[in-house]
>>> print(open('start-v2.cif').read())   # mmCIF, C-alpha atoms and all ligand atoms
data_entry
#
loop_
_atom_site.label_atom_id
_atom_site.label_comp_id
_atom_site.auth_asym_id
_atom_site.auth_seq_id
_atom_site.Cartn_x
_atom_site.Cartn_y
_atom_site.Cartn_z
CA MET A 281 135.12 154.82 85.41
CA LYS A 282 133.32 151.84 86.96
CA GLU A 283 133.77 148.48 85.28
CA THR A 284 130.79 146.55 84.05
CA TYR A 285 130.46 142.78 84.08
CA ASN A 286 128.42 140.55 81.80
CA VAL A 287 126.48 138.14 83.98
CA ALA A 288 124.61 135.14 82.59
CA VAL A 289 121.78 133.94 84.83
CA ILE A 290 121.18 130.26 84.05
CA LEU A 291 117.82 128.69 84.77
CA GLY A 292 118.27 125.15 86.08
CA SER A 293 114.82 123.79 85.25
CA ALA A 294 113.01 123.35 81.94
CA ARG A 295 110.04 121.56 83.50
CA GLU A 296 106.57 122.51 82.30
CA GLY A 297 105.01 124.67 84.99
CA ARG A 298 108.40 125.21 86.64
CA PHE A 299 108.71 127.50 89.62
CA GLY A 300 112.25 128.31 88.55
CA GLU A 301 111.03 130.96 86.15
CA THR A 302 109.69 133.00 89.07
CA VAL A 303 112.99 132.73 90.95
CA ALA A 304 115.12 133.47 87.89
CA ASN A 305 112.98 136.45 86.80
CA TRP A 306 113.33 137.98 90.25
CA ALA A 307 117.10 137.42 90.18
CA VAL A 308 117.42 138.99 86.70
CA GLU A 309 115.24 141.98 87.65
CA THR A 310 117.18 142.58 90.86
CA LEU A 311 120.60 142.22 89.26
CA ARG A 312 119.62 144.59 86.44
CA SER A 313 119.20 147.33 89.05
CA ASP A 314 122.98 147.18 89.56
CA GLN A 315 124.64 149.64 87.16
CA GLU A 316 127.81 147.55 87.11
CA LEU A 317 126.05 144.55 85.65
CA SER A 318 124.77 143.65 82.21
CA VAL A 319 122.48 140.67 82.74
CA ASP A 320 121.20 138.01 80.33
CA LEU A 321 119.04 134.99 81.02
CA ILE A 322 119.99 131.57 79.66
CA ASP A 323 116.87 129.40 79.61
CA PRO A 324 117.19 125.70 78.74
CA ALA A 325 113.50 125.56 77.77
CA LYS A 326 114.08 128.19 75.08
CA LEU A 327 117.45 126.87 73.88
CA ASP A 328 115.92 123.48 73.25
CA LEU A 329 119.21 121.61 73.48
CA PRO A 330 119.27 118.13 71.94
CA SER A 331 118.95 115.29 74.46
CA ARG A 332 122.24 113.73 73.36
CA HIS A 333 125.53 115.46 72.73
CA VAL A 334 126.01 116.77 69.22
CA GLY A 335 128.39 119.39 67.87
CA ALA A 336 128.22 123.16 68.00
CA GLU A 337 126.51 123.12 64.57
CA HIS A 338 123.26 122.59 66.45
CA PRO A 339 121.69 126.07 66.79
CA GLY A 340 120.83 125.56 70.47
CA VAL A 341 124.37 124.50 71.31
CA ALA A 342 125.85 127.36 69.29
CA GLU A 343 123.60 129.90 70.99
CA LEU A 344 124.48 128.52 74.40
CA GLN A 345 128.22 128.55 73.75
CA THR A 346 128.10 132.14 72.49
CA ALA A 347 126.12 133.30 75.52
CA LEU A 348 128.51 131.55 77.92
CA ALA A 349 131.58 132.89 76.10
CA GLU A 350 130.30 136.47 76.41
CA ALA A 351 129.77 136.15 80.16
CA ASP A 352 132.31 137.28 82.75
CA ALA A 353 130.40 135.50 85.51
CA PHE A 354 127.45 133.17 86.04
CA VAL A 355 124.52 132.88 88.42
CA VAL A 356 122.92 129.44 88.39
CA VAL A 357 119.33 129.27 89.63
CA THR A 358 118.86 125.64 90.61
CA PRO A 359 116.10 123.53 92.11
CA GLU A 360 116.68 120.21 93.83
CA TYR A 361 115.46 117.03 92.16
CA ASN A 362 115.91 113.83 94.17
CA HIS A 363 118.71 115.35 96.24
CA SER A 364 120.58 116.57 93.17
CA PHE A 365 120.31 118.99 90.26
CA THR A 366 118.24 118.51 87.11
CA GLY A 367 119.19 116.52 84.03
CA GLU A 368 118.47 119.59 81.90
CA LEU A 369 121.07 121.61 83.79
CA LYS A 370 123.70 118.87 83.41
CA LEU A 371 123.00 118.67 79.69
CA LEU A 372 123.50 122.43 79.44
CA ILE A 373 126.70 122.38 81.49
CA ASP A 374 128.20 119.56 79.44
CA ALA A 375 127.33 121.22 76.11
CA ALA A 376 130.20 123.71 76.58
CA LYS A 377 133.72 123.59 77.94
CA PRO A 378 136.23 126.44 77.33
CA GLN A 379 133.39 128.96 77.64
CA TRP A 380 133.19 128.16 81.39
CA LYS A 381 136.87 128.16 82.13
CA ARG A 382 138.36 130.43 84.84
CA LYS A 383 135.15 132.33 85.49
CA PRO A 384 133.24 132.78 88.77
CA LEU A 385 129.77 131.43 89.51
CA ALA A 386 127.21 132.04 92.26
CA PHE A 387 124.14 130.00 93.17
CA VAL A 388 120.51 130.85 93.85
CA SER A 389 118.81 127.64 94.96
CA TYR A 390 115.29 126.63 95.80
CA GLY A 391 113.33 123.54 96.71
CA GLY A 392 111.57 121.90 99.64
CA MET A 393 113.02 121.62 103.11
CA SER A 394 116.65 121.73 101.98
CA GLY A 395 116.22 124.83 99.79
CA GLY A 396 118.14 123.19 96.96
CA LEU A 397 121.40 123.14 98.92
CA ARG A 398 122.12 119.49 98.14
CA ALA A 399 121.95 120.32 94.44
CA VAL A 400 124.37 123.23 95.02
CA GLU A 401 126.94 121.08 96.80
CA GLN A 402 126.91 118.56 93.95
CA LEU A 403 127.15 121.31 91.35
CA ARG A 404 130.30 122.62 93.04
CA LEU A 405 132.01 119.30 92.16
CA VAL A 406 130.84 119.47 88.55
CA PHE A 407 132.00 123.07 88.11
CA ALA A 408 135.39 122.37 89.69
CA GLU A 409 136.07 120.06 86.75
CA LEU A 410 135.37 122.98 84.38
CA HIS A 411 137.77 125.36 86.24
CA VAL A 412 134.85 127.45 87.48
CA VAL A 413 135.28 129.27 90.80
CA THR A 414 132.08 128.89 92.86
CA MET A 415 131.15 131.49 95.48
CA ARG A 416 130.84 130.41 99.10
CA ASP A 417 127.58 132.28 99.77
CA VAL A 418 124.29 130.96 98.37
CA ILE A 419 120.84 132.52 98.23
CA SER A 420 118.62 129.60 99.19
CA PHE A 421 114.83 129.40 99.32
CA ALA A 422 113.50 126.53 101.44
CA HIS A 423 109.80 125.84 100.80
CA ALA A 424 110.25 128.25 97.92
CA HIS A 425 106.61 128.34 96.81
CA ASP A 426 105.71 129.98 100.15
CA LYS A 427 108.49 132.56 99.94
CA PHE A 428 107.22 134.46 96.89
CA ASP A 429 104.12 136.63 96.59
CA GLU A 430 101.60 136.81 93.73
CA THR A 431 103.72 139.42 91.89
CA GLY A 432 106.55 136.88 91.66
CA ARG A 433 108.80 138.64 94.16
CA PRO A 434 110.13 137.36 97.49
CA LYS A 435 107.84 138.26 100.39
CA ASP A 436 110.91 139.56 102.24
CA LEU A 437 111.91 141.68 99.25
CA GLU A 438 114.26 144.05 101.07
CA GLY A 439 116.19 141.35 102.95
CA THR A 440 116.40 139.00 99.99
CA ASN A 441 117.50 141.69 97.54
CA ALA A 442 120.16 142.84 100.00
CA ALA A 443 121.44 139.25 100.33
CA LEU A 444 121.60 138.88 96.54
CA HIS A 445 123.48 142.17 96.10
CA HIS A 446 125.84 141.18 98.90
CA MET A 447 126.61 137.88 97.19
CA MET A 448 127.30 139.80 93.98
CA THR A 449 130.03 141.83 95.70
CA ASP A 450 132.16 138.69 95.79
CA LEU A 451 131.10 137.60 92.30
CA LYS A 452 132.09 140.98 90.85
CA TRP A 453 135.46 140.87 92.59
CA TRP A 454 136.18 137.49 91.03
CA ALA A 455 134.74 138.52 87.67
CA GLY A 456 137.12 141.50 87.51
CA ALA A 457 140.16 139.60 88.81
CA LEU A 458 139.71 136.64 86.48
CA ARG A 459 138.84 138.73 83.43
CA GLU A 460 142.00 140.76 83.97
CA ALA A 461 143.98 137.52 84.35
CA ARG A 462 142.43 136.00 81.22
CA TYR A 463 142.88 139.13 79.12
CA PRO A 464 145.75 141.09 80.73
CA HIS A 465 146.02 143.58 77.88
CA ALA A 466 142.35 144.26 77.27
CA LYS A 467 142.03 146.76 80.12
CA LEU A 468 145.14 148.65 79.09
CA GLN A 469 143.95 148.86 75.49
CA LEU A 470 140.57 150.14 76.65
CA LEU A 471 142.18 152.84 78.80
CA GLU A 472 144.47 153.84 75.93
CA ALA A 473 141.51 154.04 73.56
CA ILE A 474 139.64 156.28 76.00
CA ALA A 475 142.69 158.50 76.53
CA SER A 476 143.42 158.94 72.79
C1 LIG B 501 111.41 115.15 90.02
C2 LIG B 501 111.39 116.03 91.24
C3 LIG B 501 112.18 115.68 92.33
C4 LIG B 501 112.21 116.51 93.47
N1 LIG B 501 113.05 116.20 94.50
C5 LIG B 501 113.20 117.09 95.52
C6 LIG B 501 114.19 116.87 96.53
O1 LIG B 501 114.92 115.91 96.53
N2 LIG B 501 114.31 117.79 97.51
C7 LIG B 501 113.54 118.92 97.56
O2 LIG B 501 113.70 119.74 98.46
N3 LIG B 501 112.57 119.15 96.62
C8 LIG B 501 112.41 118.26 95.61
N4 LIG B 501 111.47 118.48 94.64
C9 LIG B 501 110.66 119.69 94.75
C10 LIG B 501 111.26 120.77 93.91
O3 LIG B 501 112.42 121.30 94.46
C11 LIG B 501 110.25 121.88 93.69
O4 LIG B 501 109.07 121.29 93.13
C12 LIG B 501 110.76 122.93 92.73
O5 LIG B 501 109.72 123.85 92.49
C13 LIG B 501 111.19 122.31 91.41
O6 LIG B 501 111.69 123.29 90.54
P1 LIG B 501 110.93 123.67 89.20
O7 LIG B 501 109.46 123.87 89.58
O8 LIG B 501 111.56 124.96 88.76
O9 LIG B 501 111.14 122.57 88.22
C14 LIG B 501 111.40 117.67 93.51
C15 LIG B 501 110.59 117.97 92.40
C16 LIG B 501 110.60 117.19 91.28
C17 LIG B 501 109.76 117.57 90.08
#
>>> encode(input="start-v2.cif", output="structure tokens")
Amino acid sequence: MKETYNVAVILGSAREGRFGETVANWAVETLRSDQELSVDLIDPAKLDLPSRHVGAEHPGVAELQTALAEADAFVVVTPEYNHSFTGELKLLIDAAKPQWKRKPLAFVSYGGMSGGLRAVEQLRLVFAELHVVTMRDVISFAHAHDKFDETGRPKDLEGTNAALHHMMTDLKWWAGALREARYPHAKLQLLEAIAS
């Protein structure tokens, strides 16, 4: 029996008219074609997190923490704003803590000339503090607006999808290894339940 992994795709922009929605929708659609993955989108524009830190009684914070807790792995879709990541993404990251811990994370980045890679390198430092394991490989779109067609898919669909699936091979390995390490008995119980 193949294992399945819950993956949360996190949109790193809540800007009105954002291009990030196009990139994230493609990522979600492509990842959903993988039978081993169950994929949800976390969208900061829909969560409507408060602009200052409040407790988990806030419905947006509670919803976020539940979605992160249910995930075995994360894919962050990030643009680059002034050589860094967005304030909205930092607000989202900081609104949770144990829900991130000891889980793997991969990046899809986009932007101008740098393809969002400066944001990714800074995010690696932030996630290290939260005990998140970030994947080496990144799917990066430089001059992103020119890389997608009018249907919202990458113009090089075959190559880009293959690169995304390839990156997920590593993410799935880590998702399985860390889930087993976090919950050593869960797998055994599942197998026993199936066998009985
Ligand atoms: C405030 C702001 C700052 C930006 N700074 C950079 C930058 O430093 N480097 C870059 O490559 N693109 C930069 N851009 C371009 C964005 O990466 C590009 O517009 C991208 O589409 C933004 O993501 P979004 O549309 O999903 O919000 C910036 C855009 C904005 C709005």
>>> closest_residue(input="start-v2.cif", among="A:Gly292, A:Gly300, A:Gly335, A:Gly340", to="ligand LIG 501 (chain B)", atoms="all atoms listed in the file")
A:Gly300
>>> residues_around(input="start-v2.cif", residues="A:Ser420", least_positions_apart="3", cutoff="12 Å", atoms="all atoms listed in the file", output="VMD selection string")
chain A and resid 303 356 to 360 386 to 400 417 423 to 424 427 434 440 443 to 444 447
>>> residues_around(input="start-v2.cif", residues="A:Trp453", least_positions_apart="2", cutoff="12 Å", atoms="only C-alpha atoms", output="MDAnalysis selection string")
chainID A and resid 283:285 316 352:353 383:385 413 415 446:451 455:460
>>> closest_residue(input="start-v2.cif", among="A:Leu317, A:Thr414, A:Gln345, A:Thr431", to="A:Trp454", atoms="all atoms listed in the file")
A:Thr414
>>> residues_around(input="start-v2.cif", residues="A:Val287", least_positions_apart="2", cutoff="6 Å", atoms="all atoms listed in the file", output="PyMOL selection string")
chain A and resi 319+351+353-354
>>> axis_aligned_box(input="start-v2.cif", around="stretch 375-392 of chain A", padding_each_side="4 Å", output="lines of an AutoDock Vina configuration file")
center_x = 125.0
center_y = 127.0
center_z = 87.9
size_x = 34.8
size_y = 19.6
size_z = 31.5
>>> residues_near_point(input="start-v2.cif", point="(124.5, 118.5, 83.5)", cutoff="12 Å", atoms="only C-alpha atoms", output="PyMOL selection string")
chain A and resi 292-293+324+329+331-333+358+364-377+399+402-407+410
>>> atom_distance(input="start-v2.cif", atom1="atom CA of A:Glu301", atom2="atom C9 of ligand LIG 501 (chain B)")
14.2 Å
>>> closest_residue(input="start-v2.cif", among="A:Tyr361, A:Phe299, A:Tyr463, A:Trp380", to="A:Phe428", atoms="all atoms listed in the file")
A:Phe299
>>> atom_distance(input="start-v2.cif", atom1="atom CA of A:Arg295", atom2="atom CA of A:Pro378")
27.3 Å
>>> closest_residue(input="start-v2.cif", among="A:His338, A:Lys326, A:Lys381, A:Arg312", to="A:Glu296", atoms="all atoms listed in the file")
A:Lys326
>>> closest_residue(input="start-v2.cif", among="A:Asn362, A:Ser318, A:Ser476, A:Gln469", to="ligand LIG 501 (chain B)", atoms="only C-alpha atoms and all ligand atoms")
A:Asn362
>>> closest_residue(input="start-v2.cif", among="A:Ala422, A:Ala347, A:Val412, A:Val341", to="ligand LIG 501 (chain B)", atoms="all atoms listed in the file")
A:Ala422
>>> atom_distance(input="start-v2.cif", atom1="atom CA of A:Asp429", atom2="atom N1 of ligand LIG 501 (chain B)")
22.4 Å
